[in-house]
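Trainee: Before I ask anything, let me first share the structure, which is written out below as structure tokens.
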Amino acid sequence: MAVSNFIPEIWSRELLYSLKKNLVGNSIVNRNYQGEITSEGDTVNIQTPNAINTGNYTGADITFQELTSGTQQLEIDQAKYFAFLVDDVDQAQANVSLMQSYMVEASFSLGDVADKAILSLVTDADSDNVLTAALTKDNIYDEIVKAKKNLSLQSVPSMGRWMVVSPEEVSLLEQSTEFTAASNLGDQIKRTGFVGRIAGIEIFESNNCLEVGNMRNHPYGYTGSITFADQIISTEAGRREKGFSDFVKGLHVYGLKTVRPKSLGNLRNQLAS
């Protein structure tokens, strides 16, 4: 990326950033278990309390329930890095802080990888929550109502229900009279990828929905379905020994897990072959 000769041209103070996808993973996962993550290989312990029984009181001695909470382990088993050089001549000619701008690009790249990993957990969906249809503007509302019913049958809380769809499905929803666009929901429009609500389910748009064969998979659930924990454990900048450039590198570690598969579903759109 070095520029071999100084070219006396005017460089804009505005950078042409790459076009970004919507990264929606942070909006649909539980991040309460960040823990003290220090490196890849750490483990986050997630405890699940028992349901509490009730009984009829008759005046006689009562029976105490013994509690043995269950524990799931979240392995921090993913490690992704970035590393790049910024040449002195690039810095001089651009007349803007390229280092900071490239950090924005690096942050997005790391987020995009994690976002794809989160949405790929759609394959963990309980089989009772898998719906398959060739989606159209005429049937997409009915299919989302079926998804809502599946969540209710699993006693999933009504608050925090979500579904992630691709731009093609958003275009179908926008032709549905039942769809409430984000622009009509006040401040919620500010959330990344949030496009609106239908049948009590918040809809997020992403280009990272998993496609397998002629099936496009759209995960749905609530914010307790998937747990995600991450940490940037190292970021370094310095001067390269050879040449005339600075370096920046960083390491991002994370773990993710479907902790409640019965509350996770998959609306599969059967695409034309």
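Residues in the structure tokens are numbered from 1 in each chain, the chains being A, B, ... in the order shown, and ligands are numbered from 1 in the order shown.
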Mind the document's chain letters and residue numbers, and return as an MDAnalysis selection string the residues of segment 157-273 of chain A that DSSP labels strand (DSSP E).
Mentor: chainID A and resid 161:165 180:181 194:198 201:205 211:212 215:222 226:239 245:258 265:270
Trainee: Please save C-alpha atoms of the selected residues as a PDB file, in the first residue's frame.
Mentor:
ATOM      1  CA  ARG A 161     -38.533 -11.408  20.343  1.00  0.00           C
ATOM      2  CA  TRP A 162     -36.633 -10.944  17.088  1.00  0.00           C
ATOM      3  CA  MET A 163     -36.119 -12.266  13.577  1.00  0.00           C
ATOM      4  CA  VAL A 164     -33.282 -11.595  11.127  1.00  0.00           C
ATOM      5  CA  VAL A 165     -34.095 -11.523   7.424  1.00  0.00           C
ATOM      6  CA  THR A 180     -44.795  -1.340  11.069  1.00  0.00           C
ATOM      7  CA  ALA A 181     -41.700   0.364   9.705  1.00  0.00           C
ATOM      8  CA  PHE A 194     -33.606  -2.658  12.776  1.00  0.00           C
ATOM      9  CA  VAL A 195     -36.261  -2.178  10.110  1.00  0.00           C
ATOM     10  CA  GLY A 196     -39.548  -2.566  11.976  1.00  0.00           C
ATOM     11  CA  ARG A 197     -41.956  -4.877  13.745  1.00  0.00           C
ATOM     12  CA  ILE A 198     -44.565  -7.394  12.688  1.00  0.00           C
ATOM     13  CA  ILE A 201     -41.484  -9.597  16.526  1.00  0.00           C
ATOM     14  CA  GLU A 202     -38.718  -7.076  15.900  1.00  0.00           C
ATOM     15  CA  ILE A 203     -37.274  -7.470  12.411  1.00  0.00           C
ATOM     16  CA  PHE A 204     -33.595  -6.922  11.639  1.00  0.00           C
ATOM     17  CA  GLU A 205     -32.060  -6.823   8.170  1.00  0.00           C
ATOM     18  CA  GLU A 211     -27.708 -19.797   2.732  1.00  0.00           C
ATOM     19  CA  VAL A 212     -27.387 -23.543   2.154  1.00  0.00           C
ATOM     20  CA  MET A 215     -32.555 -22.396   1.364  1.00  0.00           C
ATOM     21  CA  ARG A 216     -32.037 -18.990   2.945  1.00  0.00           C
ATOM     22  CA  ASN A 217     -32.187 -19.344   6.720  1.00  0.00           C
ATOM     23  CA  HIS A 218     -33.713 -16.644   8.922  1.00  0.00           C
ATOM     24  CA  PRO A 219     -33.158 -17.147  12.654  1.00  0.00           C
ATOM     25  CA  TYR A 220     -35.780 -16.030  15.128  1.00  0.00           C
ATOM     26  CA  GLY A 221     -36.018 -16.192  18.898  1.00  0.00           C
ATOM     27  CA  TYR A 222     -35.514 -13.874  21.853  1.00  0.00           C
ATOM     28  CA  ILE A 226     -27.925 -17.176  22.263  1.00  0.00           C
ATOM     29  CA  THR A 227     -25.121 -16.065  24.558  1.00  0.00           C
ATOM     30  CA  PHE A 228     -22.102 -14.181  23.217  1.00  0.00           C
ATOM     31  CA  ALA A 229     -19.029 -12.953  25.094  1.00  0.00           C
ATOM     32  CA  ASP A 230     -16.026 -11.214  23.586  1.00  0.00           C
ATOM     33  CA  GLN A 231     -13.029  -9.080  24.337  1.00  0.00           C
ATOM     34  CA  ILE A 232     -10.354  -7.160  22.455  1.00  0.00           C
ATOM     35  CA  ILE A 233      -7.443  -8.498  24.477  1.00  0.00           C
ATOM     36  CA  SER A 234      -4.597  -6.780  22.665  1.00  0.00           C
ATOM     37  CA  THR A 235      -4.105  -3.772  20.432  1.00  0.00           C
ATOM     38  CA  GLU A 236      -0.618  -2.591  19.573  1.00  0.00           C
ATOM     39  CA  ALA A 237       0.803   0.180  17.420  1.00  0.00           C
ATOM     40  CA  GLY A 238       4.409   0.941  16.670  1.00  0.00           C
ATOM     41  CA  ARG A 239       7.127   1.751  14.222  1.00  0.00           C
ATOM     42  CA  SER A 245       5.716   2.934   8.066  1.00  0.00           C
ATOM     43  CA  ASP A 246       3.741   2.403  11.247  1.00  0.00           C
ATOM     44  CA  PHE A 247       1.937  -0.800  12.149  1.00  0.00           C
ATOM     45  CA  VAL A 248      -1.265  -1.557  14.017  1.00  0.00           C
ATOM     46  CA  LYS A 249      -2.428  -4.996  15.113  1.00  0.00           C
ATOM     47  CA  GLY A 250      -5.179  -6.309  17.331  1.00  0.00           C
ATOM     48  CA  LEU A 251      -6.622  -9.568  18.672  1.00  0.00           C
ATOM     49  CA  HIS A 252     -10.316 -10.245  19.221  1.00  0.00           C
ATOM     50  CA  VAL A 253     -11.423 -13.351  21.129  1.00  0.00           C
ATOM     51  CA  TYR A 254     -14.983 -14.520  21.628  1.00  0.00           C
ATOM     52  CA  GLY A 255     -17.277 -17.414  22.314  1.00  0.00           C
ATOM     53  CA  LEU A 256     -20.907 -18.013  21.437  1.00  0.00           C
ATOM     54  CA  LYS A 257     -23.446 -20.678  22.230  1.00  0.00           C
ATOM     55  CA  THR A 258     -27.124 -21.475  21.815  1.00  0.00           C
ATOM     56  CA  GLY A 265     -36.274 -20.980  15.413  1.00  0.00           C
ATOM     57  CA  ASN A 266     -35.571 -20.908  11.702  1.00  0.00           C
ATOM     58  CA  LEU A 267     -37.823 -19.502   8.996  1.00  0.00           C
ATOM     59  CA  ARG A 268     -36.406 -21.011   5.818  1.00  0.00           C
ATOM     60  CA  ASN A 269     -37.142 -19.368   2.498  1.00  0.00           C
ATOM     61  CA  GLN A 270     -37.145 -21.940  -0.291  1.00  0.00           C
TER      62      GLN A 270
END
Trainee: Smallest atom-to-atom distance to Ser107 of chain A: which of A:Ala147, A:Asn56, A:Phe82, A:Thr63, using only C-alpha atoms?
Mentor: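 Going through A:Ala147, A:Asn56, A:Phe82, A:Thr63 one by one, the smallest distance to Ser107 of chain A is for A:Phe82.
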Trainee: So which residues touch Asp112 of chain A within 9 Å, counting only C-alpha atoms, skipping near sequence neighbours fewer than 4 positions away, as a list in words?
Mentor: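 These residues fall inside the cut-off: Lys21, Asn22, Leu23, Ser107, Phe108, Lys116, Ala117 and Asn208 of chain A.
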Trainee: Residues within 7 Å of Val44 of chain A, please, as a PyMOL selection string. Count only C-alpha atoms; anything in the same chain fewer than 6 positions from it doesn't count.
Mentor: chain A and resi 33+35+73-75
Trainee: For C-alpha atoms, I'd like the residues from the last selection saved as a PDB file, in the first residue's frame.
Mentor:
ATOM      1  CA  TYR A  33     -21.682 -13.175  30.606  1.00  0.00           C
ATOM      2  CA  GLY A  35     -16.793 -12.340  32.482  1.00  0.00           C
ATOM      3  CA  GLN A  73     -19.981 -23.601  29.870  1.00  0.00           C
ATOM      4  CA  LEU A  74     -19.247 -21.015  27.206  1.00  0.00           C
ATOM      5  CA  GLU A  75     -15.847 -21.614  25.673  1.00  0.00           C
TER       6      GLU A  75
END
Trainee: Using DSSP secondary structure from the backbone, list all helix (DSSP H, G or I) positions within segment 12-235 of chain A, as number ranges by chain.
Mentor: A: 25-28, 88-94, 98-124, 127-129, 140-153, 167-173, 182-184, 186-190
Trainee: Given the selection you just returned, output its residues as a file containing C-alpha atoms, formatted as an mmCIF file, in the first residue's frame.
Mentor:
data_model
loop_
_atom_site.group_PDB
_atom_site.id
_atom_site.type_symbol
_atom_site.label_atom_id
_atom_site.label_comp_id
_atom_site.auth_asym_id
_atom_site.auth_seq_id
_atom_site.Cartn_x
_atom_site.Cartn_y
_atom_site.Cartn_z
ATOM 1 C CA GLY A 25 -25.652 -9.855 16.140
ATOM 2 C CA ASN A 26 -25.243 -7.575 19.141
ATOM 3 C CA SER A 27 -28.964 -6.764 19.029
ATOM 4 C CA ILE A 28 -30.182 -10.351 19.285
ATOM 5 C CA ASP A 88 4.523 7.665 5.754
ATOM 6 C CA VAL A 89 3.905 8.945 2.224
ATOM 7 C CA ASP A 90 0.280 7.809 2.421
ATOM 8 C CA GLN A 91 -0.102 9.785 5.641
ATOM 9 C CA ALA A 92 1.465 12.905 4.153
ATOM 10 C CA GLN A 93 -0.567 12.917 0.954
ATOM 11 C CA ALA A 94 -3.918 12.009 2.459
ATOM 12 C CA LEU A 98 -5.504 7.295 7.962
ATOM 13 C CA MET A 99 -4.538 5.235 10.990
ATOM 14 C CA GLN A 100 -7.785 6.060 12.757
ATOM 15 C CA SER A 101 -9.777 5.472 9.577
ATOM 16 C CA TYR A 102 -8.249 2.051 9.047
ATOM 17 C CA MET A 103 -9.061 1.174 12.657
ATOM 18 C CA VAL A 104 -12.714 1.785 11.811
ATOM 19 C CA GLU A 105 -12.358 -0.589 8.859
ATOM 20 C CA ALA A 106 -10.603 -3.200 11.024
ATOM 21 C CA SER A 107 -13.297 -2.979 13.687
ATOM 22 C CA PHE A 108 -15.986 -3.589 11.089
ATOM 23 C CA SER A 109 -14.121 -6.574 9.636
ATOM 24 C CA LEU A 110 -13.879 -8.223 13.053
ATOM 25 C CA GLY A 111 -17.542 -7.493 13.722
ATOM 26 C CA ASP A 112 -18.599 -8.934 10.386
ATOM 27 C CA VAL A 113 -16.889 -12.258 11.124
ATOM 28 C CA ALA A 114 -18.568 -12.485 14.545
ATOM 29 C CA ASP A 115 -21.928 -11.487 13.046
ATOM 30 C CA LYS A 116 -21.781 -14.335 10.531
ATOM 31 C CA ALA A 117 -20.925 -16.760 13.329
ATOM 32 C CA ILE A 118 -23.921 -15.625 15.410
ATOM 33 C CA LEU A 119 -26.376 -15.959 12.522
ATOM 34 C CA SER A 120 -24.966 -19.383 11.592
ATOM 35 C CA LEU A 121 -26.269 -20.706 14.931
ATOM 36 C CA VAL A 122 -29.658 -20.859 13.202
ATOM 37 C CA THR A 123 -28.742 -24.510 12.611
ATOM 38 C CA ASP A 124 -29.213 -25.084 16.370
ATOM 39 C CA SER A 127 -36.858 -28.914 14.978
ATOM 40 C CA ASP A 128 -40.341 -27.923 16.171
ATOM 41 C CA ASN A 129 -39.458 -24.298 15.405
ATOM 42 C CA ILE A 140 -44.715 -13.865 4.690
ATOM 43 C CA TYR A 141 -46.999 -12.404 7.378
ATOM 44 C CA ASP A 142 -48.684 -15.773 7.938
ATOM 45 C CA GLU A 143 -45.297 -17.489 8.281
ATOM 46 C CA ILE A 144 -44.116 -14.958 10.871
ATOM 47 C CA VAL A 145 -47.360 -15.480 12.807
ATOM 48 C CA LYS A 146 -46.492 -19.203 12.853
ATOM 49 C CA ALA A 147 -43.058 -18.306 14.215
ATOM 50 C CA LYS A 148 -44.723 -16.221 16.920
ATOM 51 C CA LYS A 149 -46.936 -19.186 17.843
ATOM 52 C CA ASN A 150 -43.885 -21.463 18.093
ATOM 53 C CA LEU A 151 -42.196 -19.075 20.525
ATOM 54 C CA SER A 152 -45.352 -18.793 22.621
ATOM 55 C CA LEU A 153 -45.711 -22.588 22.783
ATOM 56 C CA PRO A 167 -33.018 -7.520 2.120
ATOM 57 C CA GLU A 168 -35.171 -9.644 -0.195
ATOM 58 C CA GLU A 169 -37.509 -10.568 2.653
ATOM 59 C CA VAL A 170 -37.574 -6.969 3.895
ATOM 60 C CA SER A 171 -38.903 -5.932 0.504
ATOM 61 C CA LEU A 172 -41.702 -8.483 0.893
ATOM 62 C CA LEU A 173 -42.528 -7.220 4.388
ATOM 63 C CA ALA A 182 -38.967 1.528 12.065
ATOM 64 C CA SER A 183 -39.609 5.130 11.061
ATOM 65 C CA ASN A 184 -42.939 4.885 12.878
ATOM 66 C CA GLY A 186 -39.426 6.532 17.309
ATOM 67 C CA ASP A 187 -35.889 6.088 18.616
ATOM 68 C CA GLN A 188 -35.744 2.389 17.768
ATOM 69 C CA ILE A 189 -34.832 3.298 14.196
ATOM 70 C CA LYS A 190 -31.334 4.102 15.484
#
Trainee: Suppose you want the space between atom CA of Glu40 of chain A and atom CA of Leu210 of chain A; what is it in Å?
Mentor: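 Separating atom CA of Glu40 of chain A from atom CA of Leu210 of chain A is a distance of 25.7 Å.
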Trainee: When you draw a straight line from atom CA of Asn214 of chain A to atom CA of Lys20 of chain A, how long is it in Å?
Mentor: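 For atom CA of Asn214 of chain A relative to atom CA of Lys20 of chain A, the distance reads 25.2 Å.
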Trainee: Quick one, how far is atom CA of Asn30 of chain A from atom CA of Asp42 of chain A?
Mentor: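 So the two atoms, atom CA of Asn30 of chain A and atom CA of Asp42 of chain A, lie 18.0 Å apart.
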Trainee: Between A:Gln78, A:Thr58, A:Thr192, A:Ser206, which has the minimum distance to Gly41 of chain A (counting only C-alpha atoms)?
Mentor: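 Among the listed residues, A:Gln78 lies closest to Gly41 of chain A.
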